[in-house]
Amino acid sequence: MAERSFKKEVEKLHLGDGDVFSGEGILAVTKALLECGVSYVGGYQGSPISHLMDVLSDAEEILDGLGVHFEASASEATAAAMAAASVNYPLRGAVTWKSTVGTNVASDALANLASGGVTGGVVVIVGEDYGEGSSIMQERTHAFAMKSQMWLIDPPPRIQDIVKAVADAFELSEASNTPVFLQLRIRSCHVHGKFVAKNNQRPSPTLADALQTPNRDLDRIVLPPASFLHEHEKVNTRWPAAVEFIKERRLNRVIEAERSTIGIICQGGLLHTLLRTLERLGLADSFGNSEIPIYVLTVSYPLIDDELLAFCANKDSVLLFEEGQPNFIEQSVNTALRNGASGARLIGKEVLPVAGEYTSSVMRAGIVKFMQDAEADWVAPQDPAASVVDAIRTVAEHVPDRPPGLCTGCPERPVFTSLKLMQKELGDFHVSADIGCHLFSILPPFNIGNTTMGYGLGAAGASAFNVDSDKPAISIMGDGGFWHNGLTSGIGNAVFNKNDSLTLVIDNNYAAATGGQDLLSSKKQSPTKSTQHQIEKAARGVGVEWAKTVQTYDIGKMRAALKEAVSHKGTGPKVLVAQSECMLNRQRREKPIFRAAVQSGKRVTQERFGVDEDTCTGDHACIRLSGCPSLTIRPNPDPLKTQPVSFVDNSCVGCGNCGEVAHEAVLCPSFYKGVVIHNPGVIDRLLWGIRRAVISWLQRRATRRQLDMA
């Protein structure tokens, strides 16, 4: 169950010649792939391209009709290896994943692909997750493109430019026999716009045609002496071919302007932010007409020295916008200008931050410094947004940080509560964390987790602690990480090396952190995928002897299983599978059914939890052990008490974790469970009336006793 469905939107993929396509960037990319006659598409979900995988999954019927093969790959390495289909055959293929973390996983296959080269066009669509909104370490795809000699296209965030970039990427790949990165930034993926569509193209030849007439080229295999020759081919043949193609097609764009003694060079993905910033400074209009010439690097790698020299000719100084560090583009441009004996002075990181996202406010500060140095009489207009920015900064100084956390009712919360309770009893353990929702456990209120080394590498991250100790290392990974990398790199490695550690696998039925995509262990049956494969069974299959599966909301059993696992010495690695469905996906599935049942007049019950304000002691241990967003505080109704009481708000989904926590931690018995009945029947109303009468009588009697005592 993906985060959202694109069943309606994918109908737009049927649009043909002359039709106007309107939609999101991700959907437009899919349409462009079909128009380019792509043969196969594979990938692994992750921000900001998760929706691309979801669109492709919802469009499988359309893809099948065109003879296009799509796979939701087991990992980025799997997706990259798919591109082997284009090595010997003129088949166009596209693969996709999340930015540098995905490229790192795929690096072995990509390096081999880039070394041997391709016959058919291969486009690697990377969701460049860089900047303040990123969820990963701050690195860029540019470094890998340079290292492996893969060309990098960075289109401006406009639908027409993105669609054109897909076609250009395939043709550039074929012209230079080199795989090409198509870098889509976060805003590019989710921008909306229009473009004139073309007819979808059936791949020719098809994958079936290739299988009928297999081809083999020994020179494409990465083995000596061919691997040595590949490097020379890259530099002496493929690179010049790419440069010639980029120049002939004018993939890089020059915006001419009246201020001819200065100029700006920018990455394509930054163009619209730059134009908006120039407009605010009075140096451009709202239609993108700039007063300063701009050289737009739609192709960020390789750079075209001839174009750079031509743009910088007769200019005194040029400002370069390149996000991130190292400043690869700045170094290359400086080299080109020096070798070409250009007199232009290149200004880059001197006036701009060395690292970080180049937002409009960052660009403004850099342009102001540049203009004041280049034109002494230029005066920057007052920034109309400055007061708003100052107000935001002032508010930020007084507002506490709000780190990310688990959703209301998340089945992972009781797991970490159990682990915290066990550590209270046995002492702290070294916990090797992993990528996924469960990584939020390193933050308050749980404060669990020492390190994280990558997706599915939780167990591998603890492998160095394979020593005799009363406290074995504990590692954590999700079901997504388990199937992605953890089964072999973590569990298999622990079995092989007789590691006496505990691996806790959080099984919530989906790749929840990337949008709720299905997995091998998902419970639902899929018409196109094989699911319902047990994690515990897979772990036992590679040699794990101690393995258990426990429902997460039963804190008592979870706590006991954890204690047993860390006490079970000398039996090799232990695997404890903590299983319950992701609450977010469960609510997405159940809420429409619930609403429909209520509207149709059916009797429907809904469990809710609350706190008895008279019983609550106000020490809030329940909150510190749970951290559920629905469990909060409000003023104490007792005028003699100043400590606020715990309170369950209306976002409660009735998971029962708060009550379980209070029971297992031996806290005050203030939690109660109530049942809300929608469309009650006659018996429900009768029972409610009886209960209300009895409770009222008991309340009146208690009141009389208090008055008598007074």
# chains A, B, ... in the order shown; residues from 1 in each chain; ligands from 1
$ residues_around --residues "region 308-320 of chain A" --least-positions-apart "5" --cutoff "7 Å" --atoms "only C-alpha atoms" --output "PyMOL selection string"
chain A and resi 260-266+337+340+342-348
$ write_last_selection --atoms "C-alpha atoms" --output "CSV table (one decimal), in the first residue's frame"
chain,number,residue,atom,x,y,z
A,260,SER,CA,27.9,42.5,-20.9
A,261,THR,CA,30.9,43.1,-18.5
A,262,ILE,CA,29.6,40.7,-15.9
A,263,GLY,CA,27.8,37.3,-15.9
A,264,ILE,CA,26.4,34.5,-13.9
A,265,ILE,CA,26.9,30.7,-14.3
A,266,CYS,CA,24.5,28.4,-12.5
A,337,LEU,CA,39.5,30.0,-18.0
A,340,GLY,CA,42.0,29.5,-22.3
A,342,SER,CA,40.6,34.3,-20.2
A,343,GLY,CA,40.7,37.6,-18.3
A,344,ALA,CA,37.4,37.0,-16.5
A,345,ARG,CA,37.6,36.7,-12.7
A,346,LEU,CA,35.5,33.8,-11.4
A,347,ILE,CA,33.7,34.5,-8.1
A,348,GLY,CA,32.2,31.5,-6.3
$ select_by_dssp --residues "region 505-695 of chain A" --states "strand (DSSP E or B)" --output "PyMOL selection string"
chain A and resi 505-507+511+517+546-551+574-579+604-611+631-634+645-648+671-678
$ write_last_selection --atoms "N, CA and C atoms" --output "compact mmCIF listing (two decimals), in the first residue's frame"
# COMPACT_ATOMS: atom_id res chain seq x y z
N VAL A 505 14.33 -7.06 14.49
CA VAL A 505 13.78 -6.69 13.18
C VAL A 505 12.37 -6.14 13.36
N ILE A 506 12.18 -4.88 12.99
CA ILE A 506 10.87 -4.25 13.09
C ILE A 506 10.08 -4.56 11.83
N ASP A 507 9.09 -5.42 11.95
CA ASP A 507 8.29 -5.87 10.80
C ASP A 507 6.91 -5.22 10.86
N ALA A 511 7.51 -1.11 3.48
CA ALA A 511 8.65 -0.19 3.53
C ALA A 511 8.06 1.15 3.94
N GLN A 517 5.46 1.05 0.63
CA GLN A 517 5.46 0.10 -0.48
C GLN A 517 5.50 -1.34 0.05
N TRP A 546 18.13 -19.32 17.17
CA TRP A 546 17.21 -18.67 18.10
C TRP A 546 16.49 -17.55 17.37
N ALA A 547 15.24 -17.74 17.07
CA ALA A 547 14.45 -16.73 16.37
C ALA A 547 13.02 -16.77 16.87
N LYS A 548 12.44 -15.62 17.13
CA LYS A 548 11.07 -15.52 17.60
C LYS A 548 10.36 -14.36 16.92
N THR A 549 9.04 -14.47 16.85
CA THR A 549 8.21 -13.38 16.35
C THR A 549 7.21 -13.01 17.44
N VAL A 550 7.16 -11.74 17.80
CA VAL A 550 6.30 -11.25 18.88
C VAL A 550 5.50 -10.07 18.38
N GLN A 551 4.23 -10.01 18.76
CA GLN A 551 3.39 -8.86 18.42
C GLN A 551 3.84 -7.66 19.24
N LYS A 574 20.91 -14.10 17.65
CA LYS A 574 19.47 -14.20 17.92
C LYS A 574 18.73 -13.17 17.07
N VAL A 575 17.57 -13.56 16.59
CA VAL A 575 16.74 -12.65 15.79
C VAL A 575 15.36 -12.59 16.41
N LEU A 576 14.95 -11.40 16.82
CA LEU A 576 13.62 -11.18 17.39
C LEU A 576 12.84 -10.30 16.42
N VAL A 577 11.77 -10.84 15.86
CA VAL A 577 10.95 -10.11 14.90
C VAL A 577 9.79 -9.46 15.64
N ALA A 578 9.76 -8.14 15.66
CA ALA A 578 8.69 -7.38 16.31
C ALA A 578 7.67 -7.02 15.24
N GLN A 579 6.50 -7.63 15.31
CA GLN A 579 5.56 -7.57 14.19
C GLN A 579 4.24 -6.92 14.55
N VAL A 604 -21.01 0.48 14.22
CA VAL A 604 -19.56 0.40 14.18
C VAL A 604 -19.00 0.84 15.53
N THR A 605 -18.05 0.08 16.06
CA THR A 605 -17.43 0.45 17.33
C THR A 605 -16.02 0.97 17.11
N GLN A 606 -15.61 1.82 18.01
CA GLN A 606 -14.29 2.45 17.91
C GLN A 606 -13.70 2.57 19.31
N GLU A 607 -12.54 1.94 19.51
CA GLU A 607 -11.90 1.98 20.83
C GLU A 607 -11.13 3.28 21.00
N ARG A 608 -11.26 3.87 22.18
CA ARG A 608 -10.52 5.07 22.54
C ARG A 608 -9.99 4.92 23.95
N PHE A 609 -8.89 5.59 24.24
CA PHE A 609 -8.29 5.53 25.56
C PHE A 609 -8.29 6.91 26.19
N GLY A 610 -8.31 6.94 27.50
CA GLY A 610 -8.32 8.20 28.22
C GLY A 610 -7.61 8.08 29.55
N VAL A 611 -7.51 9.20 30.27
CA VAL A 611 -6.85 9.26 31.57
C VAL A 611 -7.83 9.78 32.60
N LEU A 631 -0.74 11.61 23.49
CA LEU A 631 -0.64 11.64 24.95
C LEU A 631 0.07 12.93 25.35
N THR A 632 -0.69 13.84 25.92
CA THR A 632 -0.16 15.17 26.23
C THR A 632 -0.58 15.57 27.65
N ILE A 633 -0.56 16.85 27.96
CA ILE A 633 -0.94 17.31 29.30
C ILE A 633 -1.96 18.43 29.19
N ARG A 634 -2.67 18.65 30.30
CA ARG A 634 -3.56 19.80 30.42
C ARG A 634 -3.67 20.16 31.90
N VAL A 645 -2.09 17.29 34.53
CA VAL A 645 -2.38 15.86 34.42
C VAL A 645 -2.16 15.41 32.97
N SER A 646 -1.96 14.11 32.80
CA SER A 646 -1.85 13.55 31.45
C SER A 646 -3.22 13.54 30.80
N PHE A 647 -3.21 13.59 29.48
CA PHE A 647 -4.47 13.72 28.74
C PHE A 647 -4.30 13.09 27.36
N VAL A 648 -5.29 12.32 26.91
CA VAL A 648 -5.28 11.72 25.58
C VAL A 648 -6.20 12.54 24.68
N PHE A 671 -5.25 4.99 33.36
CA PHE A 671 -5.72 4.83 31.98
C PHE A 671 -6.97 3.96 31.94
N TYR A 672 -7.88 4.33 31.07
CA TYR A 672 -9.09 3.53 30.87
C TYR A 672 -9.37 3.41 29.38
N LYS A 673 -10.09 2.37 29.03
CA LYS A 673 -10.49 2.17 27.64
C LYS A 673 -11.98 2.38 27.50
N GLY A 674 -12.34 3.16 26.51
CA GLY A 674 -13.75 3.37 26.22
C GLY A 674 -14.08 2.88 24.82
N VAL A 675 -15.33 2.58 24.59
CA VAL A 675 -15.77 2.13 23.28
C VAL A 675 -16.83 3.10 22.76
N VAL A 676 -16.53 3.76 21.65
CA VAL A 676 -17.48 4.67 21.02
C VAL A 676 -18.30 3.87 20.02
N ILE A 677 -19.63 3.93 20.16
CA ILE A 677 -20.52 3.17 19.27
C ILE A 677 -21.20 4.14 18.31
N HIS A 678 -20.97 3.94 17.03
CA HIS A 678 -21.64 4.73 16.01
C HIS A 678 -22.88 3.97 15.53
$ residues_around --residues "Val124 (chain A)" --least-positions-apart "2" --cutoff "7 Å" --atoms "only C-alpha atoms" --output "JSON, numbers by chain"
{"A": [94, 95, 96, 122, 126, 180, 181, 182]}
$ closest_residue --among "A:Leu271, A:Ile329, A:Leu297, A:Leu283" --to "Ile246 (chain A)" --atoms "only C-alpha atoms"
A:Leu297
$ atom_distance --atom1 "CA of Lys194 (chain A)" --atom2 "CA of Phe21 (chain A)"
5.4 Å
$ residues_around --residues "region 209-215 of chain A" --least-positions-apart "5" --cutoff "12 Å" --atoms "only C-alpha atoms" --output "PDB file with N, CA and C atoms, in the first residue's frame"
ATOM      1  N   SER A  39      12.428   0.462 -22.828  1.00  0.00           N
ATOM      2  CA  SER A  39      12.140  -0.973 -22.831  1.00  0.00           C
ATOM      3  C   SER A  39      11.906  -1.522 -21.436  1.00  0.00           C
ATOM      4  N   GLY A  67       4.606  -3.080 -23.956  1.00  0.00           N
ATOM      5  CA  GLY A  67       5.752  -3.983 -23.976  1.00  0.00           C
ATOM      6  C   GLY A  67       6.910  -3.485 -23.145  1.00  0.00           C
ATOM      7  N   ALA A  85      21.038  -5.009 -19.625  1.00  0.00           N
ATOM      8  CA  ALA A  85      20.269  -5.306 -20.840  1.00  0.00           C
ATOM      9  C   ALA A  85      20.626  -4.365 -21.982  1.00  0.00           C
ATOM     10  N   SER A  86      21.168  -3.194 -21.646  1.00  0.00           N
ATOM     11  CA  SER A  86      21.488  -2.211 -22.688  1.00  0.00           C
ATOM     12  C   SER A  86      22.952  -2.251 -23.113  1.00  0.00           C
ATOM     13  N   VAL A  87      23.726  -3.152 -22.531  1.00  0.00           N
ATOM     14  CA  VAL A  87      25.147  -3.224 -22.870  1.00  0.00           C
ATOM     15  C   VAL A  87      25.335  -3.737 -24.299  1.00  0.00           C
ATOM     16  N   ASN A  88      24.656  -4.820 -24.632  1.00  0.00           N
ATOM     17  CA  ASN A  88      24.847  -5.450 -25.952  1.00  0.00           C
ATOM     18  C   ASN A  88      23.702  -5.199 -26.927  1.00  0.00           C
ATOM     19  N   TYR A  89      22.615  -4.620 -26.458  1.00  0.00           N
ATOM     20  CA  TYR A  89      21.431  -4.461 -27.307  1.00  0.00           C
ATOM     21  C   TYR A  89      20.992  -2.995 -27.337  1.00  0.00           C
ATOM     22  N   PRO A  90      20.433  -2.551 -28.462  1.00  0.00           N
ATOM     23  CA  PRO A  90      19.956  -1.158 -28.559  1.00  0.00           C
ATOM     24  C   PRO A  90      18.617  -0.970 -27.835  1.00  0.00           C
ATOM     25  N   LEU A  91      18.609  -1.314 -26.553  1.00  0.00           N
ATOM     26  CA  LEU A  91      17.413  -1.199 -25.717  1.00  0.00           C
ATOM     27  C   LEU A  91      17.554  -0.003 -24.792  1.00  0.00           C
ATOM     28  N   THR A 119      25.211   0.119 -25.397  1.00  0.00           N
ATOM     29  CA  THR A 119      24.765   0.252 -26.786  1.00  0.00           C
ATOM     30  C   THR A 119      23.446   1.020 -26.828  1.00  0.00           C
ATOM     31  N   GLY A 120      22.499   0.572 -26.012  1.00  0.00           N
ATOM     32  CA  GLY A 120      21.243   1.300 -25.875  1.00  0.00           C
ATOM     33  C   GLY A 120      21.384   2.415 -24.859  1.00  0.00           C
ATOM     34  N   PRO A 203       8.880  -0.075 -27.560  1.00  0.00           N
ATOM     35  CA  PRO A 203      10.320  -0.289 -27.729  1.00  0.00           C
ATOM     36  C   PRO A 203      10.610  -1.152 -28.952  1.00  0.00           C
ATOM     37  N   SER A 204      11.644  -0.778 -29.675  1.00  0.00           N
ATOM     38  CA  SER A 204      12.049  -1.550 -30.849  1.00  0.00           C
ATOM     39  C   SER A 204      13.572  -1.542 -30.931  1.00  0.00           C
ATOM     40  N   ARG A 220      33.003  -5.399 -24.260  1.00  0.00           N
ATOM     41  CA  ARG A 220      32.167  -4.718 -23.263  1.00  0.00           C
ATOM     42  C   ARG A 220      32.326  -5.323 -21.861  1.00  0.00           C
TER      43      ARG A 220
END
$ residues_around --residues "Arg624 (chain A)" --least-positions-apart "2" --cutoff "10 Å" --atoms "only C-alpha atoms" --output "list in words"
Thr417, Pro444, Pro445, Phe446, Asp619, His620, Ala621, Cys622, Ser626, Gly627 and Cys628 of chain A
$ select_by_dssp --residues "region 445-554 of chain A" --states "helix (DSSP H, G or I)" --output "PyMOL selection string"
chain A and resi 458-461+463-465+479-496+512-514+535-541
$ closest_residue --among "A:Ala84, A:Leu625, A:Val163, A:Leu686" --to "Gly116 (chain A)" --atoms "only C-alpha atoms"
A:Ala84
$ closest_residue --among "A:Pro635, A:Gly515, A:Gly449, A:Gly121" --to "Asp428 (chain A)" --atoms "only C-alpha atoms"
A:Gly449
$ atom_distance --atom1 "CA of Asn334 (chain A)" --atom2 "CA of Val354 (chain A)"
16.5 Å
$ atom_distance --atom1 "CA of Ser489 (chain A)" --atom2 "CA of Ala459 (chain A)"
7.8 Å
$ closest_residue --among "A:Leu270, A:Ala597, A:Leu184, A:Leu52" --to "Tyr295 (chain A)" --atoms "only C-alpha atoms"
A:Leu270
$ residues_around --residues "region 107-112 of chain A" --least-positions-apart "4" --cutoff "8 Å" --atoms "only C-alpha atoms" --output "JSON, numbers by chain"
{"A": [77, 80, 81, 103, 116, 148, 222]}
$ write_last_selection --atoms "N, CA and C atoms" --output "mmCIF file, in the first residue's frame"
data_model
loop_
_atom_site.group_PDB
_atom_site.id
_atom_site.type_symbol
_atom_site.label_atom_id
_atom_site.label_comp_id
_atom_site.auth_asym_id
_atom_site.auth_seq_id
_atom_site.Cartn_x
_atom_site.Cartn_y
_atom_site.Cartn_z
ATOM 1 N N ALA A 77 21.215 -1.664 -6.117
ATOM 2 C CA ALA A 77 22.182 -2.485 -6.858
ATOM 3 C C ALA A 77 21.468 -3.366 -7.871
ATOM 4 N N ALA A 80 20.405 -1.131 -10.795
ATOM 5 C CA ALA A 80 21.536 -0.758 -11.647
ATOM 6 C C ALA A 80 21.981 -1.922 -12.517
ATOM 7 N N ALA A 81 21.954 -3.134 -11.947
ATOM 8 C CA ALA A 81 22.371 -4.309 -12.712
ATOM 9 C C ALA A 81 21.403 -4.613 -13.853
ATOM 10 N N THR A 103 22.955 5.656 -5.002
ATOM 11 C CA THR A 103 24.095 5.510 -5.906
ATOM 12 C C THR A 103 25.218 4.733 -5.230
ATOM 13 N N GLY A 116 32.413 -0.526 -19.227
ATOM 14 C CA GLY A 116 32.210 -1.212 -20.498
ATOM 15 C C GLY A 116 31.423 -0.397 -21.500
ATOM 16 N N SER A 148 33.231 8.040 -12.316
ATOM 17 C CA SER A 148 32.979 6.945 -13.257
ATOM 18 C C SER A 148 32.763 7.421 -14.687
ATOM 19 N N VAL A 222 34.102 -6.201 -18.443
ATOM 20 C CA VAL A 222 35.147 -5.527 -17.663
ATOM 21 C C VAL A 222 36.140 -6.563 -17.139
#
$ residues_around --residues "Gly492 (chain A)" --least-positions-apart "5" --cutoff "10 Å" --atoms "only C-alpha atoms" --output "ChimeraX atom specification"
/A:459-460,486-487,497-498,539-544,573
$ write_last_selection --atoms "all heavy atoms" --output "compact mmCIF listing (two decimals), in the first residue's frame"
# COMPACT_ATOMS: atom_id res chain seq x y z
N ALA A 459 22.80 -4.67 11.86
CA ALA A 459 23.53 -5.82 12.41
C ALA A 459 25.00 -5.76 12.02
O ALA A 459 25.88 -6.09 12.83
CB ALA A 459 22.90 -7.12 11.93
N ALA A 460 25.30 -5.36 10.81
CA ALA A 460 26.70 -5.25 10.37
C ALA A 460 27.42 -4.18 11.19
O ALA A 460 28.62 -4.32 11.48
CB ALA A 460 26.77 -4.92 8.88
N GLY A 486 20.00 -6.36 4.85
CA GLY A 486 20.27 -6.89 6.18
C GLY A 486 20.39 -8.40 6.27
O GLY A 486 21.16 -8.91 7.09
N LEU A 487 19.66 -9.14 5.43
CA LEU A 487 19.68 -10.60 5.52
C LEU A 487 21.08 -11.15 5.25
O LEU A 487 21.54 -12.05 5.95
CB LEU A 487 18.66 -11.21 4.55
CG LEU A 487 18.59 -12.74 4.50
CD1 LEU A 487 18.23 -13.31 5.87
CD2 LEU A 487 17.58 -13.20 3.45
N ASN A 497 30.15 -15.68 11.30
CA ASN A 497 31.18 -15.34 12.27
C ASN A 497 30.81 -15.71 13.71
O ASN A 497 31.48 -15.28 14.64
CB ASN A 497 31.51 -13.84 12.19
CG ASN A 497 32.26 -13.49 10.93
OD1 ASN A 497 33.42 -13.85 10.77
ND2 ASN A 497 31.58 -12.81 10.00
N LYS A 498 29.74 -16.49 13.87
CA LYS A 498 29.30 -16.96 15.19
C LYS A 498 29.17 -15.80 16.19
O LYS A 498 29.68 -15.85 17.30
CB LYS A 498 30.27 -18.02 15.73
CG LYS A 498 30.32 -19.29 14.89
CD LYS A 498 31.23 -20.33 15.51
CE LYS A 498 31.24 -21.62 14.68
NZ LYS A 498 32.11 -22.66 15.28
N ALA A 539 15.44 -15.86 8.28
CA ALA A 539 16.59 -15.82 9.19
C ALA A 539 17.04 -17.24 9.55
O ALA A 539 18.24 -17.55 9.56
CB ALA A 539 16.24 -15.04 10.44
N ARG A 540 16.08 -18.10 9.82
CA ARG A 540 16.43 -19.50 10.12
C ARG A 540 17.06 -20.17 8.90
O ARG A 540 17.92 -21.05 9.02
CB ARG A 540 15.18 -20.26 10.56
CG ARG A 540 14.65 -19.85 11.93
CD ARG A 540 13.51 -20.76 12.38
NE ARG A 540 12.95 -20.36 13.66
CZ ARG A 540 13.47 -20.70 14.84
NH1 ARG A 540 14.58 -21.45 14.89
NH2 ARG A 540 12.91 -20.30 15.97
N GLY A 541 16.65 -19.73 7.71
CA GLY A 541 17.19 -20.32 6.49
C GLY A 541 18.67 -20.08 6.28
O GLY A 541 19.32 -20.85 5.58
N VAL A 542 19.21 -19.00 6.88
CA VAL A 542 20.65 -18.75 6.74
C VAL A 542 21.41 -19.23 7.97
O VAL A 542 22.61 -18.95 8.11
CB VAL A 542 20.95 -17.25 6.49
CG1 VAL A 542 20.37 -16.81 5.17
CG2 VAL A 542 20.44 -16.38 7.63
N GLY A 543 20.72 -19.94 8.89
CA GLY A 543 21.43 -20.57 9.99
C GLY A 543 21.15 -20.05 11.37
O GLY A 543 21.78 -20.49 12.34
N VAL A 544 20.22 -19.11 11.54
CA VAL A 544 19.88 -18.60 12.87
C VAL A 544 19.10 -19.67 13.62
O VAL A 544 18.09 -20.18 13.11
CB VAL A 544 19.06 -17.30 12.78
CG1 VAL A 544 18.58 -16.86 14.17
CG2 VAL A 544 19.88 -16.20 12.13
N PRO A 573 23.88 -15.88 16.71
CA PRO A 573 23.02 -14.70 16.65
C PRO A 573 21.56 -15.02 16.94
O PRO A 573 21.06 -16.07 16.58
CB PRO A 573 23.20 -14.21 15.21
CG PRO A 573 23.61 -15.42 14.44
CD PRO A 573 24.43 -16.23 15.39
$ closest_atom_pairs --of "region 15-82 of chain A" --to "region 463-485 of chain A" --cutoff "9 Å" --atoms "only C-alpha atoms" --output "tab-separated table"
residue	atom	partner	partner_atom	distance
A:Ala74	CA	A:His484	CA	5.8
A:Ser75	CA	A:His484	CA	5.5
A:Glu76	CA	A:His484	CA	8.7
$ closest_residue --among "A:Lys198, A:His192, A:Lys8, A:Arg187" --to "Ala167 (chain A)" --atoms "only C-alpha atoms"
A:Lys198
$ closest_residue --among "A:Pro179, A:Phe328, A:Leu419, A:Asn199" --to "Lys31 (chain A)" --atoms "only C-alpha atoms"
A:Asn199
